[in-house]
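Working notes, beginning with the structure itself.
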Amino acid sequence: MTARIASFLDKGGTGKTTSIAHLGVALTQHGHDVLLIDLAGKQGDLAKAFGVWGDVQDAIEADEAWPNISTVFDDAWPTIAEKLGDDAVHDLVYETGEDVDLIPAHPGLDTLDAELGNIDDASERYSRLEAFLDDYVEDLTYDVVLIDLPGMSNNVTYNGLWAARHVLAPVEMGPFEAEQAGALREDLEKIRSNFGIDVELVMVLPNKVDDRTKLATEYLTAFHEEYPDAIAPEYIPYSQDIRNATQQGMTAFELEDPSTTAQRAREAYLADAAALLERVED
């Protein structure tokens, strides 16, 4: 089966999307075929990170973005897929210039949480994405699917966790992030106990670490002590180059003249991507 990993922490701004984008590219550099799925909201940050958001917006404005990622959660999706054949799934996927493929976000995600909430049976409510991946994405023969989830716990988030079974939690070095990482571990335990679904926290990824500060170093040590089996082998250093690259519609791997911190970040992403996949496969 395709390895599936969801990026999640119940907080915005921790670098989930940036992590997914860079780990996805890192995995392609290790020789894997990778699909990214953006469920984080209609803003399309993953598409922006790869410079394809303009194409996605054009399709949306021309009313040509159908079916889209929100469609696959609908009761009618099997009928739609049967009618459209292979095009049903292939039309969802955008190629990027960095060898990863992407199913981008769509404005239909805005109402998806409420629509899923109308499904009475919890196992049916939370398994829609899993069914789509099992029945349609597996046939595309990707090695890895990375899913970017909303920065909050809702029905879309639980679909992603249910489908992936493996969770990546990017964290910044601060008290609230430490608290939310602990809350995530508790939430995953509730899913196990309530539904018998084993969802594992496979990697806590320290992100945007400024190791020149004593506070960041202290939190980094604390995360290592709290998550000895899940902590990433390398932390991602803070780099303005990463932010600049994202604003230009690319990852730091595409920078022609990366700064020292950007080069360190690229090496860290490569090491963490290899470890992430190894943990999932184990």
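Every chain in the structure tokens takes a letter, A first, then B, and so on in the order presented; its residues are numbered from 1, and the ligands are numbered from 1 following the presented order.
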### Message
If DSSP is run on the backbone, what residues of stretch 46-126 of chain A are alpha helix (DSSP H)? A reply as a VMD selection string would be ideal.
### Response
chain A and resid 46 to 49 53 to 61 77 to 84 87 to 90 112 to 117 122 to 126
Selection to disk with C-alpha atoms, as a PDB file, in the first residue's frame:
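To be explicit, this is the file written out as part.pdb:
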ATOM      1  CA  LEU A  46       0.229  24.151  -0.885  1.00  0.00           C
ATOM      2  CA  ALA A  47      -0.584  25.224  -4.433  1.00  0.00           C
ATOM      3  CA  LYS A  48       0.966  28.621  -3.688  1.00  0.00           C
ATOM      4  CA  ALA A  49       4.079  26.912  -2.315  1.00  0.00           C
ATOM      5  CA  TRP A  53      -2.227  28.436  -7.426  1.00  0.00           C
ATOM      6  CA  GLY A  54      -2.848  30.708 -10.417  1.00  0.00           C
ATOM      7  CA  ASP A  55      -3.799  27.702 -12.552  1.00  0.00           C
ATOM      8  CA  VAL A  56      -6.051  26.385  -9.776  1.00  0.00           C
ATOM      9  CA  GLN A  57      -7.753  29.769  -9.378  1.00  0.00           C
ATOM     10  CA  ASP A  58      -8.301  30.071 -13.116  1.00  0.00           C
ATOM     11  CA  ALA A  59     -10.043  26.698 -13.130  1.00  0.00           C
ATOM     12  CA  ILE A  60     -12.193  27.680 -10.149  1.00  0.00           C
ATOM     13  CA  GLU A  61     -13.198  31.017 -11.655  1.00  0.00           C
ATOM     14  CA  TRP A  77     -18.614  10.464  -5.588  1.00  0.00           C
ATOM     15  CA  PRO A  78     -18.708   6.763  -6.626  1.00  0.00           C
ATOM     16  CA  THR A  79     -21.328   7.611  -9.253  1.00  0.00           C
ATOM     17  CA  ILE A  80     -19.297  10.600 -10.460  1.00  0.00           C
ATOM     18  CA  ALA A  81     -16.146   8.510 -10.648  1.00  0.00           C
ATOM     19  CA  GLU A  82     -17.904   5.742 -12.576  1.00  0.00           C
ATOM     20  CA  LYS A  83     -19.329   8.235 -15.062  1.00  0.00           C
ATOM     21  CA  LEU A  84     -16.050  10.083 -15.661  1.00  0.00           C
ATOM     22  CA  ASP A  87     -10.481  11.320 -15.717  1.00  0.00           C
ATOM     23  CA  ALA A  88     -12.340  11.575 -12.386  1.00  0.00           C
ATOM     24  CA  VAL A  89      -9.150  11.178 -10.383  1.00  0.00           C
ATOM     25  CA  HIS A  90      -6.560  12.331 -12.899  1.00  0.00           C
ATOM     26  CA  LEU A 112     -17.264  20.336   4.219  1.00  0.00           C
ATOM     27  CA  ASP A 113     -16.969  20.182   8.012  1.00  0.00           C
ATOM     28  CA  ALA A 114     -20.665  21.000   8.440  1.00  0.00           C
ATOM     29  CA  GLU A 115     -21.700  18.591   5.687  1.00  0.00           C
ATOM     30  CA  LEU A 116     -19.767  15.756   7.301  1.00  0.00           C
ATOM     31  CA  GLY A 117     -21.345  16.663  10.635  1.00  0.00           C
ATOM     32  CA  ALA A 122     -19.295   8.408  13.198  1.00  0.00           C
ATOM     33  CA  SER A 123     -17.372   5.672  11.419  1.00  0.00           C
ATOM     34  CA  GLU A 124     -19.057   6.656   8.143  1.00  0.00           C
ATOM     35  CA  ARG A 125     -18.435  10.359   8.822  1.00  0.00           C
ATOM     36  CA  TYR A 126     -14.716   9.901   9.403  1.00  0.00           C
TER      37      TYR A 126
END
### Task
Please provide as a ChimeraX atom specification all residues within 12 Å of A:Pro228, with the sequence filter that same-chain residues fewer than 3 positions apart are discarded (counting only C-alpha atoms).
/A:201-205,220-225,231-233
### Close residues, A:Ala216 itself excluded, 9 Å, only C-alpha atoms, min 5 positions apart in chain, as number ranges by chain
A: 172-174, 209-211, 221
### Task
Taking the chain letters and numbering used in this document, name the residues of stretch 3-246 of chain A that DSSP puts in strand (DSSP E), as an NGL selection string.
:A and (3-7 or 34-38 or 94-95 or 101-103 or 144-148 or 166-171 or 200-206)
Atoms to include: N, CA, C and O atoms. Write the selected residues as a short mmCIF file (atom, residue, chain, number, x, y, z; two decimals), in the first residue's frame.
data_model
loop_
_atom_site.label_atom_id
_atom_site.label_comp_id
_atom_site.auth_asym_id
_atom_site.auth_seq_id
_atom_site.Cartn_x
_atom_site.Cartn_y
_atom_site.Cartn_z
N ALA A 3 2.23 4.56 1.37
CA ALA A 3 2.41 5.11 2.71
C ALA A 3 1.63 6.41 2.81
O ALA A 3 1.67 7.25 1.90
N ARG A 4 0.92 6.60 3.92
CA ARG A 4 0.09 7.78 4.11
C ARG A 4 0.48 8.48 5.40
O ARG A 4 0.55 7.84 6.46
N ILE A 5 0.70 9.79 5.32
CA ILE A 5 1.06 10.57 6.50
C ILE A 5 0.29 11.88 6.47
O ILE A 5 0.21 12.53 5.42
N ALA A 6 -0.28 12.26 7.61
CA ALA A 6 -1.01 13.52 7.73
C ALA A 6 -0.23 14.47 8.62
O ALA A 6 0.29 14.08 9.66
N SER A 7 -0.14 15.73 8.19
CA SER A 7 0.52 16.77 8.98
C SER A 7 -0.54 17.50 9.80
O SER A 7 -1.46 18.09 9.24
N VAL A 34 5.46 10.91 -5.11
CA VAL A 34 4.76 11.53 -3.99
C VAL A 34 3.55 12.32 -4.47
O VAL A 34 3.62 13.07 -5.44
N LEU A 35 2.44 12.15 -3.75
CA LEU A 35 1.24 12.95 -3.96
C LEU A 35 0.94 13.73 -2.69
O LEU A 35 0.92 13.17 -1.59
N LEU A 36 0.70 15.03 -2.83
CA LEU A 36 0.29 15.88 -1.72
C LEU A 36 -1.20 16.18 -1.85
O LEU A 36 -1.70 16.41 -2.96
N ILE A 37 -1.91 16.19 -0.72
CA ILE A 37 -3.34 16.52 -0.71
C ILE A 37 -3.55 17.67 0.27
O ILE A 37 -3.17 17.56 1.44
N ASP A 38 -4.16 18.76 -0.20
CA ASP A 38 -4.37 19.94 0.63
C ASP A 38 -5.81 19.98 1.13
O ASP A 38 -6.73 20.27 0.37
N TYR A 94 -2.64 17.99 -9.99
CA TYR A 94 -1.81 18.97 -10.70
C TYR A 94 -0.34 18.55 -10.57
O TYR A 94 0.11 18.16 -9.49
N GLU A 95 0.38 18.66 -11.66
CA GLU A 95 1.82 18.46 -11.60
C GLU A 95 2.48 19.76 -11.13
O GLU A 95 2.02 20.85 -11.43
N ASP A 101 3.33 15.61 -7.12
CA ASP A 101 2.00 15.92 -7.64
C ASP A 101 1.14 16.44 -6.49
O ASP A 101 1.41 16.17 -5.31
N LEU A 102 0.07 17.15 -6.85
CA LEU A 102 -0.73 17.85 -5.85
C LEU A 102 -2.21 17.79 -6.19
O LEU A 102 -2.60 18.06 -7.33
N ILE A 103 -3.03 17.43 -5.18
CA ILE A 103 -4.47 17.66 -5.26
C ILE A 103 -4.72 18.90 -4.41
O ILE A 103 -4.61 18.85 -3.18
N VAL A 144 4.08 7.50 -1.70
CA VAL A 144 3.74 8.22 -0.49
C VAL A 144 2.65 9.24 -0.78
O VAL A 144 2.69 9.93 -1.81
N VAL A 145 1.68 9.34 0.12
CA VAL A 145 0.68 10.40 0.09
C VAL A 145 0.83 11.21 1.38
O VAL A 145 0.76 10.65 2.48
N LEU A 146 1.06 12.51 1.24
CA LEU A 146 1.16 13.42 2.38
C LEU A 146 -0.06 14.33 2.38
O LEU A 146 -0.39 14.95 1.36
N ILE A 147 -0.72 14.42 3.54
CA ILE A 147 -1.99 15.17 3.64
C ILE A 147 -1.81 16.34 4.59
O ILE A 147 -1.41 16.16 5.75
N ASP A 148 -2.10 17.53 4.10
CA ASP A 148 -2.02 18.74 4.93
C ASP A 148 -3.41 19.01 5.50
O ASP A 148 -4.37 19.22 4.75
N HIS A 166 -0.91 7.72 10.28
CA HIS A 166 0.41 8.17 10.69
C HIS A 166 0.41 9.69 10.70
O HIS A 166 0.00 10.32 9.73
N VAL A 167 0.90 10.28 11.79
CA VAL A 167 0.80 11.72 11.97
C VAL A 167 2.18 12.35 12.13
O VAL A 167 3.02 11.87 12.90
N LEU A 168 2.38 13.42 11.38
CA LEU A 168 3.55 14.28 11.51
C LEU A 168 3.09 15.55 12.21
O LEU A 168 2.12 16.18 11.77
N ALA A 169 3.76 15.95 13.28
CA ALA A 169 3.39 17.14 14.03
C ALA A 169 4.54 18.15 14.02
O ALA A 169 5.47 18.02 14.83
N PRO A 170 4.53 19.12 13.11
CA PRO A 170 5.54 20.18 13.17
C PRO A 170 5.28 21.09 14.37
O PRO A 170 4.13 21.48 14.62
N VAL A 171 6.32 21.40 15.10
CA VAL A 171 6.16 22.23 16.30
C VAL A 171 7.22 23.32 16.32
O VAL A 171 8.36 23.11 15.90
N GLU A 200 -0.99 6.69 14.78
CA GLU A 200 0.27 6.81 15.50
C GLU A 200 0.96 8.14 15.20
O GLU A 200 1.03 8.58 14.05
N LEU A 201 1.46 8.77 16.24
CA LEU A 201 2.31 9.95 16.09
C LEU A 201 3.71 9.46 15.74
O LEU A 201 4.45 9.00 16.59
N VAL A 202 4.06 9.56 14.46
CA VAL A 202 5.33 8.98 14.01
C VAL A 202 6.48 9.98 14.03
O VAL A 202 7.64 9.58 14.06
N MET A 203 6.14 11.28 13.98
CA MET A 203 7.24 12.25 14.01
C MET A 203 6.79 13.58 14.58
O MET A 203 5.79 14.16 14.13
N VAL A 204 7.52 14.06 15.57
CA VAL A 204 7.43 15.43 16.05
C VAL A 204 8.60 16.18 15.42
O VAL A 204 9.76 15.83 15.64
N LEU A 205 8.28 17.18 14.61
CA LEU A 205 9.30 17.87 13.82
C LEU A 205 9.54 19.28 14.34
O LEU A 205 8.74 20.18 14.09
N PRO A 206 10.61 19.51 15.09
CA PRO A 206 10.93 20.87 15.53
C PRO A 206 11.20 21.77 14.33
O PRO A 206 12.06 21.46 13.50
#
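We find atom CA of A:Ser259 and atom CA of A:Glu177 to be spaced 27.2 Å apart.
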### Query
From the list A:Ile119, A:Asp10, A:Thr2, A:Glu256, which residue is nearest A:Arg185 when using only C-alpha atoms?
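For A:Arg185, the nearest of the given residues is A:Asp10.
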#### Entry: Test item: residues at most 9 Å from A:Tyr158, only C-alpha atoms, excluding those fewer than 3 positions along its chain, as a PyMOL selection string
chain A and resi 125-127+153-155+161-163+191
Can I get the selection written as a PDB file, in the first residue's frame, with all heavy atoms?
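New file out-v9.pdb:
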ATOM      1  N   ARG A 125     -18.805   8.944   8.917  1.00  0.00           N
ATOM      2  CA  ARG A 125     -18.435  10.359   8.822  1.00  0.00           C
ATOM      3  C   ARG A 125     -16.936  10.529   8.659  1.00  0.00           C
ATOM      4  O   ARG A 125     -16.479  11.379   7.904  1.00  0.00           O
ATOM      5  CB  ARG A 125     -18.906  11.088  10.076  1.00  0.00           C
ATOM      6  CG  ARG A 125     -18.650  12.591  10.074  1.00  0.00           C
ATOM      7  CD  ARG A 125     -18.894  13.165  11.462  1.00  0.00           C
ATOM      8  NE  ARG A 125     -20.127  12.663  12.033  1.00  0.00           N
ATOM      9  CZ  ARG A 125     -20.282  12.296  13.310  1.00  0.00           C
ATOM     10  NH1 ARG A 125     -19.257  12.406  14.160  1.00  0.00           N
ATOM     11  NH2 ARG A 125     -21.430  11.845  13.750  1.00  0.00           N
ATOM     12  N   TYR A 126     -16.159   9.706   9.365  1.00  0.00           N
ATOM     13  CA  TYR A 126     -14.716   9.901   9.403  1.00  0.00           C
ATOM     14  C   TYR A 126     -13.953   9.062   8.388  1.00  0.00           C
ATOM     15  O   TYR A 126     -12.729   9.193   8.293  1.00  0.00           O
ATOM     16  CB  TYR A 126     -14.184   9.579  10.802  1.00  0.00           C
ATOM     17  CG  TYR A 126     -14.729  10.475  11.884  1.00  0.00           C
ATOM     18  CD1 TYR A 126     -15.047   9.964  13.143  1.00  0.00           C
ATOM     19  CD2 TYR A 126     -14.945  11.832  11.661  1.00  0.00           C
ATOM     20  CE1 TYR A 126     -15.551  10.780  14.143  1.00  0.00           C
ATOM     21  CE2 TYR A 126     -15.453  12.655  12.648  1.00  0.00           C
ATOM     22  CZ  TYR A 126     -15.754  12.120  13.896  1.00  0.00           C
ATOM     23  OH  TYR A 126     -16.262  12.932  14.869  1.00  0.00           O
ATOM     24  N   SER A 127     -14.628   8.207   7.637  1.00  0.00           N
ATOM     25  CA  SER A 127     -13.913   7.290   6.745  1.00  0.00           C
ATOM     26  C   SER A 127     -14.054   7.646   5.268  1.00  0.00           C
ATOM     27  O   SER A 127     -13.637   6.864   4.410  1.00  0.00           O
ATOM     28  CB  SER A 127     -14.401   5.851   6.976  1.00  0.00           C
ATOM     29  OG  SER A 127     -15.779   5.737   6.662  1.00  0.00           O
ATOM     30  N   SER A 153      -9.153  20.873  15.178  1.00  0.00           N
ATOM     31  CA  SER A 153      -9.799  19.564  15.169  1.00  0.00           C
ATOM     32  C   SER A 153     -11.231  19.708  14.678  1.00  0.00           C
ATOM     33  O   SER A 153     -12.042  20.382  15.303  1.00  0.00           O
ATOM     34  CB  SER A 153      -9.797  18.954  16.580  1.00  0.00           C
ATOM     35  OG  SER A 153      -8.481  18.714  17.009  1.00  0.00           O
ATOM     36  N   ASN A 154     -11.534  19.107  13.531  1.00  0.00           N
ATOM     37  CA  ASN A 154     -12.899  19.100  13.024  1.00  0.00           C
ATOM     38  C   ASN A 154     -13.115  17.812  12.227  1.00  0.00           C
ATOM     39  O   ASN A 154     -12.261  16.924  12.213  1.00  0.00           O
ATOM     40  CB  ASN A 154     -13.200  20.355  12.190  1.00  0.00           C
ATOM     41  CG  ASN A 154     -12.314  20.489  10.961  1.00  0.00           C
ATOM     42  OD1 ASN A 154     -11.706  19.523  10.493  1.00  0.00           O
ATOM     43  ND2 ASN A 154     -12.241  21.696  10.418  1.00  0.00           N
ATOM     44  N   ASN A 155     -14.239  17.709  11.552  1.00  0.00           N
ATOM     45  CA  ASN A 155     -14.560  16.474  10.840  1.00  0.00           C
ATOM     46  C   ASN A 155     -13.617  16.206   9.671  1.00  0.00           C
ATOM     47  O   ASN A 155     -13.343  15.054   9.336  1.00  0.00           O
ATOM     48  CB  ASN A 155     -16.007  16.535  10.337  1.00  0.00           C
ATOM     49  CG  ASN A 155     -17.017  16.496  11.465  1.00  0.00           C
ATOM     50  OD1 ASN A 155     -16.910  15.684  12.387  1.00  0.00           O
ATOM     51  ND2 ASN A 155     -18.000  17.379  11.419  1.00  0.00           N
ATOM     52  N   LEU A 161      -6.806  12.047   9.672  1.00  0.00           N
ATOM     53  CA  LEU A 161      -6.125  11.181  10.638  1.00  0.00           C
ATOM     54  C   LEU A 161      -6.549   9.729  10.444  1.00  0.00           C
ATOM     55  O   LEU A 161      -5.714   8.807  10.500  1.00  0.00           O
ATOM     56  CB  LEU A 161      -6.441  11.641  12.060  1.00  0.00           C
ATOM     57  CG  LEU A 161      -5.968  13.049  12.444  1.00  0.00           C
ATOM     58  CD1 LEU A 161      -6.438  13.397  13.847  1.00  0.00           C
ATOM     59  CD2 LEU A 161      -4.457  13.160  12.345  1.00  0.00           C
ATOM     60  N   TRP A 162      -7.840   9.515  10.252  1.00  0.00           N
ATOM     61  CA  TRP A 162      -8.392   8.169  10.054  1.00  0.00           C
ATOM     62  C   TRP A 162      -7.774   7.516   8.816  1.00  0.00           C
ATOM     63  O   TRP A 162      -7.416   6.333   8.829  1.00  0.00           O
ATOM     64  CB  TRP A 162      -9.908   8.276   9.912  1.00  0.00           C
ATOM     65  CG  TRP A 162     -10.665   6.996   9.917  1.00  0.00           C
ATOM     66  CD1 TRP A 162     -10.596   5.997   8.998  1.00  0.00           C
ATOM     67  CD2 TRP A 162     -11.642   6.583  10.889  1.00  0.00           C
ATOM     68  NE1 TRP A 162     -11.478   4.986   9.312  1.00  0.00           N
ATOM     69  CE2 TRP A 162     -12.136   5.316  10.484  1.00  0.00           C
ATOM     70  CE3 TRP A 162     -12.160   7.156  12.041  1.00  0.00           C
ATOM     71  CZ2 TRP A 162     -13.106   4.628  11.184  1.00  0.00           C
ATOM     72  CZ3 TRP A 162     -13.130   6.464  12.740  1.00  0.00           C
ATOM     73  CH2 TRP A 162     -13.598   5.222  12.330  1.00  0.00           C
ATOM     74  N   ALA A 163      -7.641   8.309   7.736  1.00  0.00           N
ATOM     75  CA  ALA A 163      -7.148   7.756   6.473  1.00  0.00           C
ATOM     76  C   ALA A 163      -5.649   7.507   6.503  1.00  0.00           C
ATOM     77  O   ALA A 163      -5.161   6.522   5.947  1.00  0.00           O
ATOM     78  CB  ALA A 163      -7.488   8.707   5.325  1.00  0.00           C
ATOM     79  N   ILE A 191      -9.112   8.317  19.740  1.00  0.00           N
ATOM     80  CA  ILE A 191      -9.519   7.667  18.492  1.00  0.00           C
ATOM     81  C   ILE A 191      -9.325   6.160  18.602  1.00  0.00           C
ATOM     82  O   ILE A 191     -10.185   5.373  18.190  1.00  0.00           O
ATOM     83  CB  ILE A 191      -8.717   8.239  17.307  1.00  0.00           C
ATOM     84  CG1 ILE A 191      -9.078   9.717  17.069  1.00  0.00           C
ATOM     85  CG2 ILE A 191      -8.980   7.428  16.035  1.00  0.00           C
ATOM     86  CD1 ILE A 191      -8.238  10.392  16.005  1.00  0.00           C
TER      87      ILE A 191
END
### Task
Mind checking which residues fall within 10 Å of A:Ile242, counting only C-alpha atoms, ignoring those fewer than 2 positions away in the same chain, and posting them as a list in words?
Thr18, His22, Lys208, Pro237, Tyr238, Ser239, Gln240, Asn244, Ala245, Thr246, Gln247, Gln248, Met250, Thr251, Ala252, Phe253, Leu255, Pro258, Ser259, Thr261, Ala262, Gln263, Ala265 and Arg266 of chain A
Would you export the selected residues with C-alpha atoms as a compact mmCIF listing (two decimals), in the first residue's frame, please?
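Output file result-v4.txt follows:
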# COMPACT_ATOMS: atom_id res chain seq x y z
CA THR A 18 5.88 24.21 4.64
CA HIS A 22 9.62 20.26 1.73
CA LYS A 208 11.87 27.20 12.62
CA PRO A 237 16.51 25.75 11.49
CA TYR A 238 14.85 29.11 11.03
CA SER A 239 15.72 30.48 7.60
CA GLN A 240 14.41 33.60 5.91
CA ASN A 244 11.33 33.90 0.55
CA ALA A 245 11.22 30.72 -1.53
CA THR A 246 7.61 30.03 -0.52
CA GLN A 247 6.60 33.54 -1.55
CA GLN A 248 8.19 32.87 -4.94
CA MET A 250 8.91 27.10 -4.72
CA THR A 251 10.64 25.21 -1.94
CA ALA A 252 14.12 25.86 -0.62
CA PHE A 253 15.32 22.94 -2.76
CA LEU A 255 17.05 28.00 -4.56
CA PRO A 258 20.81 29.07 -0.71
CA SER A 259 21.99 30.67 2.49
CA THR A 261 20.55 28.14 7.07
CA ALA A 262 18.60 27.18 3.95
CA GLN A 263 21.24 24.58 3.07
CA ALA A 265 17.28 23.08 6.32
CA ARG A 266 17.46 21.15 3.06
### Message
So that I can see what lies close to A:Leu184, please list as number ranges by chain the residues with an atom at most 8 Å from it, counting only C-alpha atoms and leaving out residues fewer than 3 positions away in the same chain.
### Response
A: 9-10, 180-181, 187-188
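Counting only C-alpha atoms, the residue from A:Asp229, A:Asp110, A:Asp63, A:Asp91 that sits nearest to A:Gly41 is A:Asp110.
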### Query
Which distance in Å separates atom CA of A:Asp198 and atom CA of A:Glu138, to one decimal?
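We find that atom CA of A:Asp198 and atom CA of A:Glu138 lie 20.2 Å from each other.
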